[in-house]
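So this one's structure-v8.cif, mmCIF, C-alpha atoms:
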```
data_run
loop_
_atom_site.label_atom_id
_atom_site.label_comp_id
_atom_site.auth_asym_id
_atom_site.auth_seq_id
_atom_site.Cartn_x
_atom_site.Cartn_y
_atom_site.Cartn_z
CA MET A 17 -166.08 63.44 -9.51
CA ASP A 18 -164.01 61.78 -12.25
CA ALA A 19 -164.89 58.08 -12.19
CA ALA A 20 -161.88 57.06 -14.32
CA SER A 21 -160.01 53.99 -13.11
CA ASP A 22 -156.55 54.45 -11.64
CA ALA A 23 -155.01 52.96 -14.79
CA GLU A 24 -156.89 55.45 -16.98
CA LEU A 25 -155.80 58.33 -14.75
CA VAL A 26 -152.16 57.22 -14.88
CA ALA A 27 -152.30 57.02 -18.68
CA ARG A 28 -153.83 60.50 -18.91
CA CYS A 29 -151.25 61.93 -16.46
CA ARG A 30 -148.43 60.46 -18.55
CA ALA A 31 -149.95 62.15 -21.59
CA GLY A 32 -149.72 65.48 -19.73
CA ASP A 33 -153.42 65.97 -18.96
CA PRO A 34 -153.50 68.50 -16.07
CA ALA A 35 -157.10 67.62 -15.13
CA ALA A 36 -156.06 63.98 -14.66
CA TRP A 37 -153.27 65.02 -12.30
CA GLU A 38 -155.73 67.10 -10.27
CA THR A 39 -158.11 64.14 -10.05
CA LEU A 40 -155.26 61.88 -8.94
CA VAL A 41 -154.33 64.37 -6.20
CA ASP A 42 -157.98 64.67 -5.10
CA ARG A 43 -158.37 60.89 -5.04
CA TYR A 44 -155.23 60.20 -2.98
CA ALA A 45 -154.80 63.34 -0.86
CA ASN A 46 -156.69 61.97 2.17
CA TYR A 47 -154.91 58.61 1.91
CA VAL A 48 -151.42 60.13 1.76
CA HIS A 49 -152.31 62.55 4.55
CA ALA A 50 -153.51 59.68 6.75
CA ILE A 51 -150.30 57.71 6.16
CA VAL A 52 -147.91 60.54 6.99
CA ALA A 53 -149.97 62.16 9.76
CA ARG A 54 -151.76 59.22 11.39
CA VAL A 55 -149.72 56.10 10.72
CA TYR A 56 -146.31 57.81 11.03
CA ARG A 57 -147.58 60.59 13.30
CA LEU A 58 -145.46 63.30 11.73
CA GLU A 59 -145.87 66.77 13.14
CA ALA A 60 -147.87 69.16 10.95
CA HIS A 61 -144.85 70.85 9.34
CA ASP A 62 -143.05 67.58 8.59
CA ALA A 63 -146.33 66.01 7.46
CA GLU A 64 -146.86 68.81 4.96
CA ASP A 65 -143.32 68.43 3.56
CA ALA A 66 -143.74 64.66 3.32
CA PHE A 67 -147.15 65.08 1.68
CA GLN A 68 -145.72 67.33 -1.06
CA ASP A 69 -142.70 65.07 -1.42
CA VAL A 70 -144.98 62.08 -2.06
CA PHE A 71 -146.83 63.83 -4.86
CA MET A 72 -143.61 65.20 -6.38
CA ARG A 73 -142.13 61.68 -6.46
CA VAL A 74 -145.35 60.25 -7.87
CA PHE A 75 -145.40 62.92 -10.58
CA GLU A 76 -141.73 62.44 -11.48
CA ARG A 77 -141.75 58.65 -11.39
CA LEU A 78 -145.10 57.85 -12.94
CA ASP A 79 -143.27 56.41 -15.94
CA THR A 80 -141.61 53.80 -13.72
CA LEU A 81 -144.92 52.35 -12.46
CA ARG A 82 -145.01 48.87 -13.97
CA ASP A 83 -148.67 48.01 -13.36
CA ASP A 84 -150.99 50.99 -13.77
CA ASP A 85 -153.65 49.21 -11.68
CA ALA A 86 -151.20 49.08 -8.77
CA LEU A 87 -151.23 52.84 -8.23
CA ARG A 88 -152.61 52.63 -4.69
CA PRO A 89 -149.95 50.27 -3.24
CA TRP A 90 -147.25 52.21 -5.09
CA ILE A 91 -148.44 55.50 -3.57
CA ALA A 92 -148.67 53.83 -0.15
CA GLN A 93 -145.06 52.65 -0.43
CA THR A 94 -143.93 56.08 -1.64
CA ALA A 95 -145.73 57.70 1.30
CA ARG A 96 -144.04 55.32 3.74
CA ASN A 97 -140.62 56.14 2.27
CA CYS A 98 -141.29 59.88 2.42
CA ALA A 99 -142.56 59.65 6.00
CA VAL A 100 -139.44 57.76 7.09
CA ASP A 101 -137.24 60.31 5.26
CA ALA A 102 -139.11 63.14 7.03
CA LEU A 103 -138.57 61.47 10.41
CA ARG A 104 -134.86 61.19 9.66
CA ARG A 105 -134.64 64.78 8.38
CA SER A 106 -136.42 66.17 11.43
CA GLY A 107 -133.68 64.59 13.53
CA ARG A 108 -135.96 64.65 16.51
CA GLU A 109 -135.95 61.94 19.10
CA VAL A 110 -139.10 59.96 18.47
CA PRO A 111 -140.71 58.81 21.72
CA VAL A 112 -141.25 55.05 21.79
CA ASP A 113 -145.03 55.45 21.94
CA GLU A 114 -144.90 57.56 18.76
CA VAL A 115 -143.06 55.00 16.69
CA PRO A 116 -145.55 53.25 14.47
CA ASP A 117 -145.01 49.72 15.78
CA ARG A 118 -147.32 48.14 13.24
CA PRO A 119 -147.46 50.39 10.19
CA ASP A 120 -148.76 47.47 8.13
CA GLU A 121 -151.84 47.19 10.33
CA GLY A 122 -152.45 50.92 10.06
CA LEU A 123 -152.05 50.74 6.29
CA ALA A 124 -154.41 47.77 6.03
CA ARG A 125 -157.09 49.76 7.83
CA LEU A 126 -156.45 52.76 5.54
CA ASP A 127 -156.70 50.46 2.56
CA GLU A 128 -160.18 49.41 3.70
CA ALA A 129 -161.02 53.08 4.16
CA MET A 130 -159.79 53.83 0.62
CA THR A 131 -162.16 51.19 -0.75
CA VAL A 132 -165.02 52.95 1.01
CA HIS A 133 -163.81 56.33 -0.28
CA ALA A 134 -163.68 54.94 -3.82
CA ALA A 135 -167.32 53.92 -3.39
CA LEU A 136 -168.11 57.49 -2.32
CA ASP A 137 -167.23 58.57 -5.86
CA ARG A 138 -170.11 56.45 -7.14
CA LEU A 139 -172.73 58.26 -5.07
CA SER A 140 -174.60 61.34 -6.24
CA PRO A 141 -172.54 64.56 -5.92
CA GLN A 142 -174.94 65.69 -3.16
CA CYS A 143 -174.36 62.55 -1.07
CA HIS A 144 -170.63 62.62 -1.73
CA GLU A 145 -170.42 66.21 -0.58
CA ILE A 146 -172.44 65.86 2.60
CA LEU A 147 -170.53 62.73 3.74
CA ASP A 148 -167.19 64.32 2.86
CA ARG A 149 -168.03 67.51 4.73
CA PHE A 150 -169.28 65.70 7.84
CA PHE A 151 -166.83 62.81 8.16
CA CYS A 152 -163.66 63.99 6.38
CA ARG A 153 -163.73 67.75 6.96
CA ASP A 154 -165.39 67.48 10.36
CA GLU A 155 -167.85 70.28 9.60
CA SER A 156 -170.79 70.89 11.94
CA TYR A 157 -174.45 70.49 10.97
CA ARG A 158 -174.73 74.26 11.09
CA THR A 159 -171.80 74.83 8.68
CA ILE A 160 -173.00 72.15 6.29
CA GLY A 161 -176.53 73.51 6.41
CA SER A 162 -175.36 77.03 5.69
CA GLU A 163 -172.95 76.00 2.88
CA LEU A 164 -175.45 73.70 1.17
CA GLU A 165 -178.47 75.87 1.95
CA LEU A 166 -180.23 73.08 3.82
CA PRO A 167 -182.08 73.34 7.15
CA ALA A 168 -179.65 72.12 9.84
CA GLY A 169 -182.40 69.82 11.12
CA THR A 170 -182.35 67.74 7.94
CA ILE A 171 -178.59 67.15 7.83
CA ALA A 172 -178.58 64.12 10.16
CA SER A 173 -181.28 62.33 8.18
CA ARG A 174 -179.50 63.11 4.90
CA ILE A 175 -176.26 61.71 6.27
CA ALA A 176 -178.06 58.54 7.41
CA ARG A 177 -179.71 58.16 4.00
CA CYS A 178 -176.41 58.69 2.18
CA LEU A 179 -174.66 56.15 4.40
CA THR A 180 -177.34 53.61 3.45
CA ARG A 181 -176.72 54.39 -0.22
CA LEU A 182 -173.00 54.01 0.33
CA ARG A 183 -173.66 50.62 1.87
CA ASP A 184 -175.71 49.69 -1.19
CA VAL A 185 -172.76 50.58 -3.41
CA LEU A 186 -170.37 48.54 -1.26
CA GLU A 187 -172.75 45.56 -1.01
CA PRO A 188 -174.55 45.53 -4.34
CA GLY A 189 -176.33 42.23 -3.66
CA ARG A 190 -177.80 43.41 -0.37
CA LYS A 191 -180.93 45.12 -1.69
CA VAL A 192 -181.96 42.07 -3.68
CA GLN A 193 -181.38 39.80 -0.69
CA ALA A 194 -183.27 42.15 1.62
CA ALA A 195 -186.21 42.37 -0.77
CA THR A 196 -186.50 38.60 -1.07
CA SER A 197 -186.20 38.13 2.72
CA GLY A 198 -188.81 40.82 3.41
CA GLU A 199 -186.40 43.24 5.10
CA LYS A 200 -187.46 46.87 4.67
CA VAL A 201 -185.15 48.63 2.25
CA GLU A 202 -185.12 52.38 1.98
CA GLU A 203 -186.38 53.68 -1.33
CA ARG A 204 -183.87 55.67 -3.39
CA ARG A 205 -184.93 59.15 -4.31
CA MET B 26 -172.16 48.70 15.66
CA THR B 27 -174.43 48.73 12.58
CA PRO B 28 -172.90 48.25 9.10
CA GLU B 29 -173.61 51.93 8.40
CA GLU B 30 -171.69 52.93 11.55
CA THR B 31 -168.77 50.75 10.48
CA ILE B 32 -168.80 52.42 7.06
CA ALA B 33 -168.97 55.84 8.72
CA GLU B 34 -165.91 54.97 10.83
CA LEU B 35 -164.01 53.99 7.70
CA VAL B 36 -164.98 57.23 5.94
CA ARG B 37 -163.72 59.08 9.01
CA GLU B 38 -160.37 57.22 8.85
CA LEU B 39 -159.25 59.46 5.99
CA PRO B 40 -159.65 63.07 7.13
CA ALA B 41 -158.98 65.73 4.53
CA PRO B 42 -155.62 67.52 4.70
CA PRO B 43 -155.67 71.33 4.74
CA ALA B 44 -156.97 72.67 1.43
CA GLY B 45 -153.68 74.51 0.82
CA TRP B 46 -151.74 71.23 0.77
CA ILE B 47 -154.00 69.84 -1.92
CA GLU B 48 -153.79 72.98 -4.04
CA ALA B 49 -149.98 72.97 -3.76
CA ALA B 50 -149.85 69.32 -4.85
CA LYS B 51 -152.05 70.14 -7.84
CA GLN B 52 -149.60 72.88 -8.83
CA LEU B 53 -146.59 70.53 -8.82
CA PRO B 54 -146.52 70.01 -12.61
CA THR B 55 -146.38 73.80 -13.08
CA VAL B 56 -143.72 74.18 -10.38
CA ARG B 57 -141.74 71.38 -11.97
CA ARG B 58 -141.82 73.11 -15.36
CA GLU B 59 -140.65 76.38 -13.75
CA LEU B 60 -137.81 74.52 -12.05
CA ASP B 61 -136.78 72.87 -15.32
CA THR B 62 -136.62 76.33 -16.92
CA LEU B 63 -134.51 77.61 -14.02
CA ILE B 64 -132.17 74.64 -14.24
CA GLU B 65 -131.63 75.19 -17.96
CA ARG B 66 -130.75 78.80 -17.21
CA ILE B 67 -128.40 77.80 -14.39
CA GLU B 68 -126.60 75.47 -16.78
CA ARG B 69 -126.07 78.07 -19.50
CA ASP B 70 -125.68 81.29 -17.46
CA GLU B 71 -122.66 81.30 -15.15
CA ARG B 72 -123.65 84.61 -13.49
CA PHE B 73 -127.13 83.29 -12.71
CA ARG B 74 -125.58 80.12 -11.29
CA GLU B 75 -123.46 82.22 -8.92
CA LEU B 76 -126.57 84.05 -7.72
CA VAL B 77 -128.36 80.76 -7.11
CA VAL B 78 -125.44 79.30 -5.21
CA ALA B 79 -125.06 82.51 -3.16
CA ASP B 80 -128.72 82.76 -2.14
CA LEU B 81 -131.07 80.21 -3.58
CA GLU B 82 -134.20 81.38 -1.74
CA ALA B 83 -133.77 85.05 -2.74
CA THR B 84 -133.08 84.11 -6.36
CA LEU B 85 -136.19 81.96 -6.48
CA ARG B 86 -138.29 84.79 -5.07
CA ALA B 87 -136.83 87.20 -7.63
CA GLU B 88 -137.85 84.73 -10.35
CA GLY B 89 -141.39 84.53 -8.96
CA VAL B 90 -141.04 81.01 -7.54
CA GLU B 91 -142.09 80.41 -3.92
CA PRO B 92 -139.05 78.83 -2.19
CA THR B 93 -140.94 76.12 -0.32
CA PRO B 94 -138.79 73.48 1.42
CA LEU B 95 -139.75 71.01 -1.30
CA VAL B 96 -138.76 73.36 -4.15
CA VAL B 97 -135.48 74.29 -2.44
CA ALA B 98 -134.59 70.67 -1.71
CA HIS B 99 -135.49 69.63 -5.25
CA LEU B 100 -133.41 72.39 -6.79
CA ARG B 101 -130.42 71.73 -4.54
CA ARG B 102 -130.50 68.08 -5.58
CA ARG B 103 -130.67 69.00 -9.25
CA ILE B 104 -127.81 71.54 -9.17
CA ALA B 105 -125.54 69.58 -6.84
CA PRO B 106 -122.14 69.05 -8.50
#
```
Let's see the structure in the file written out as structure tokens.
Amino acid sequence: MDAASDAELVARCRAGDPAAWETLVDRYANYVHAIVARVYRLEAHDAEDAFQDVFMRVFERLDTLRDDDALRPWIAQTARNCAVDALRRSGREVPVDEVPDRPDEGLARLDEAMTVHAALDRLSPQCHEILDRFFCRDESYRTIGSELELPAGTIASRIARCLTRLRDVLEPGRKVQAATSGEKVEERR
Amino acid sequence: MTPEETIAELVRELPAPPAGWIEAAKQLPTVRRELDTLIERIERDERFRELVVADLEATLRAEGVEPTPLVVAHLRRRIAP
């Protein structure tokens, strides 16, 4: 995983670095997908068009981004615009219960999720992969075990251990506090 | 709910899109360059422009460019009078 900041990635993309663009897509693919498919509830075909449209606009308009650290909100806004355009293009009647009545709330939750996903990039590649496979790609213990050549019986404990490590990354002061208060803290391998 | 369960729920909030979508998005800079080349040709070659206007999708295929809805829409915007 490329741990470059968003601002660094944007600068490298502007300079024409193809690896930086791929990292940007990897970093934001789940986020954009969640906005178009979950917040705006686009059907799969429209969601795919909107998804590609978002990345095309981001690629074409990267030079217009004023604050390189504001990539995430800019992509979120672009995704909202593309989702609304896709809804209009589809011309379908949108049932009332499908209209995102509070897209801001949905986006706030996704924003929290993005912070957690950013922390995933700071875990070991093994932990990142097992959490990504289980929670994001919805793979079974059996599939994960077979792909990573691990006994299926150890997957659950690995996931639990990696979640604890993820929590450590998100709450860096926790281990120190726990140690001083006597709480048992799992040892890192 | 334990803090780890809350974190797990947040990880789950962002499911991965199909792998093909991600690969296509990664190819956008290449596609964009191909489209720019096509647009230059459309601007200087009247016969080619007629072919594009007559059947954009077929012309793209003949040029080795997959006429996805995004590519077609993008090209139509760029060549609109």
Output as a PyMOL selection string the set of chain A residues within 7 Å of chain B, with distances taken over only C-alpha atoms.
-> chain A and resi 37-38+41+45-47+49-50+64-65+68-69+71-72+126+129+132-133+151-153+179-180+183
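The residues returned by the PyMOL selection byres ((chain A and resi 164) around 12) on the shown structure are Pro141, Gln142, Cys143, Glu145, Ile146, Arg149, Glu155, Tyr157, Arg158, Thr159, Ile160, Gly161, Ser162, Glu163, Glu165, Leu166, Pro167, Ala168, Thr170, Ile171 and Arg174 of chain A.
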With a distance cut-off of 10 Å and all atoms listed in the file, select the neighbouring residues of segment 101-103 of chain B, excluding the residue or stretch itself and same-chain residues fewer than 4 positions from it, and output the selection as an mmCIF file with C-alpha atoms, keeping the file's coordinate frame.
```cif
data_model
loop_
_atom_site.group_PDB
_atom_site.id
_atom_site.type_symbol
_atom_site.label_atom_id
_atom_site.label_comp_id
_atom_site.auth_asym_id
_atom_site.auth_seq_id
_atom_site.Cartn_x
_atom_site.Cartn_y
_atom_site.Cartn_z
ATOM 1 C CA LEU B 60 -137.810 74.520 -12.050
ATOM 2 C CA ASP B 61 -136.780 72.870 -15.320
ATOM 3 C CA ILE B 64 -132.170 74.640 -14.240
ATOM 4 C CA VAL B 77 -128.360 80.760 -7.110
ATOM 5 C CA VAL B 78 -125.440 79.300 -5.210
ATOM 6 C CA LEU B 81 -131.070 80.210 -3.580
ATOM 7 C CA LEU B 95 -139.750 71.010 -1.300
ATOM 8 C CA VAL B 96 -138.760 73.360 -4.150
ATOM 9 C CA VAL B 97 -135.480 74.290 -2.440
#
```
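Interatomic distance, atom CA of Ala95 of chain A to atom CA of Gly122 of chain A: 13.0 Å.
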Distance atom CA of Arg66 of chain B-atom CA of Ile104 of chain B, one decimal place?
-> 11.2 Å
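Counting from atom CA of Asp79 of chain A, the distance to atom CA of Ala36 of chain A is 14.9 Å.
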Could you tell me which residues the PyMOL selection byres ((chain A and resi 26) around 10) grabs in this file, written as a short mmCIF file (atom, residue, chain, number, x, y, z; two decimals) with C-alpha atoms, in the coordinates of the input?
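Saved the output as part_2.cif:
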```cif
data_model
loop_
_atom_site.label_atom_id
_atom_site.label_comp_id
_atom_site.auth_asym_id
_atom_site.auth_seq_id
_atom_site.Cartn_x
_atom_site.Cartn_y
_atom_site.Cartn_z
CA ALA A 20 -161.88 57.06 -14.32
CA SER A 21 -160.01 53.99 -13.11
CA ASP A 22 -156.55 54.45 -11.64
CA ALA A 23 -155.01 52.96 -14.79
CA GLU A 24 -156.89 55.45 -16.98
CA LEU A 25 -155.80 58.33 -14.75
CA ALA A 27 -152.30 57.02 -18.68
CA ARG A 28 -153.83 60.50 -18.91
CA CYS A 29 -151.25 61.93 -16.46
CA ARG A 30 -148.43 60.46 -18.55
CA ALA A 31 -149.95 62.15 -21.59
CA GLY A 32 -149.72 65.48 -19.73
CA ASP A 33 -153.42 65.97 -18.96
CA ALA A 36 -156.06 63.98 -14.66
CA TRP A 37 -153.27 65.02 -12.30
CA LEU A 40 -155.26 61.88 -8.94
CA PHE A 75 -145.40 62.92 -10.58
CA LEU A 78 -145.10 57.85 -12.94
CA ASP A 79 -143.27 56.41 -15.94
CA LEU A 81 -144.92 52.35 -12.46
CA ASP A 83 -148.67 48.01 -13.36
CA ASP A 84 -150.99 50.99 -13.77
CA ASP A 85 -153.65 49.21 -11.68
CA LEU A 87 -151.23 52.84 -8.23
#
```
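Look at Arg96 of chain A: the protein and nucleic acid residues within 12 Å of it, using all atoms listed in the file and passing over chain neighbours fewer than 5 places away, are Tyr47, Val48, His49, Ala50, Ile51, Val52, Ala53, Arg54, Val55, Tyr56, Arg57, Leu58, Ala63, Ala66, Phe67, Asp69, Val70, Pro89, Trp90, Ile91, Asp101, Ala102, Leu103, Pro116, Pro119, Asp120, Gly122 and Leu123 of chain A.
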How would the residues just picked look written out with C-alpha atoms as an mmCIF file, in the coordinates of the input?
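Output saved as result.cif:
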```
data_model
loop_
_atom_site.group_PDB
_atom_site.id
_atom_site.type_symbol
_atom_site.label_atom_id
_atom_site.label_comp_id
_atom_site.auth_asym_id
_atom_site.auth_seq_id
_atom_site.Cartn_x
_atom_site.Cartn_y
_atom_site.Cartn_z
ATOM 1 C CA TYR A 47 -154.910 58.610 1.910
ATOM 2 C CA VAL A 48 -151.420 60.130 1.760
ATOM 3 C CA HIS A 49 -152.310 62.550 4.550
ATOM 4 C CA ALA A 50 -153.510 59.680 6.750
ATOM 5 C CA ILE A 51 -150.300 57.710 6.160
ATOM 6 C CA VAL A 52 -147.910 60.540 6.990
ATOM 7 C CA ALA A 53 -149.970 62.160 9.760
ATOM 8 C CA ARG A 54 -151.760 59.220 11.390
ATOM 9 C CA VAL A 55 -149.720 56.100 10.720
ATOM 10 C CA TYR A 56 -146.310 57.810 11.030
ATOM 11 C CA ARG A 57 -147.580 60.590 13.300
ATOM 12 C CA LEU A 58 -145.460 63.300 11.730
ATOM 13 C CA ALA A 63 -146.330 66.010 7.460
ATOM 14 C CA ALA A 66 -143.740 64.660 3.320
ATOM 15 C CA PHE A 67 -147.150 65.080 1.680
ATOM 16 C CA ASP A 69 -142.700 65.070 -1.420
ATOM 17 C CA VAL A 70 -144.980 62.080 -2.060
ATOM 18 C CA PRO A 89 -149.950 50.270 -3.240
ATOM 19 C CA TRP A 90 -147.250 52.210 -5.090
ATOM 20 C CA ILE A 91 -148.440 55.500 -3.570
ATOM 21 C CA ASP A 101 -137.240 60.310 5.260
ATOM 22 C CA ALA A 102 -139.110 63.140 7.030
ATOM 23 C CA LEU A 103 -138.570 61.470 10.410
ATOM 24 C CA PRO A 116 -145.550 53.250 14.470
ATOM 25 C CA PRO A 119 -147.460 50.390 10.190
ATOM 26 C CA ASP A 120 -148.760 47.470 8.130
ATOM 27 C CA GLY A 122 -152.450 50.920 10.060
ATOM 28 C CA LEU A 123 -152.050 50.740 6.290
#
```
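Restricting the calculation to all atoms listed in the file, the smallest distance between Glu68 of chain B and any of B:Met26, B:Gly89, B:Thr84, B:Ala105 is found for B:Ala105.
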Give the centre and edge lengths of an axis-aligned box, in Å to one decimal, that holds all listed atoms of segment 61-68 of chain B with 5 Å on each side, as JSON.
```
{"center_x": -131.7, "center_y": 75.8, "center_z": -16.0, "size_x": 20.2, "size_y": 15.9, "size_z": 13.9}
```
Name the residues, using the chain letters and numbers of the file, that sit within 6 Å of (-137.5, 81.8, -9.0) when counting all atoms listed in the file, and give them as a compact mmCIF listing (two decimals) with C-alpha atoms, in the coordinates of the input.
```
# COMPACT_ATOMS: atom_id res chain seq x y z
CA THR B 84 -133.08 84.11 -6.36
CA LEU B 85 -136.19 81.96 -6.48
CA ARG B 86 -138.29 84.79 -5.07
CA ALA B 87 -136.83 87.20 -7.63
CA GLU B 88 -137.85 84.73 -10.35
CA GLY B 89 -141.39 84.53 -8.96
CA VAL B 90 -141.04 81.01 -7.54
```
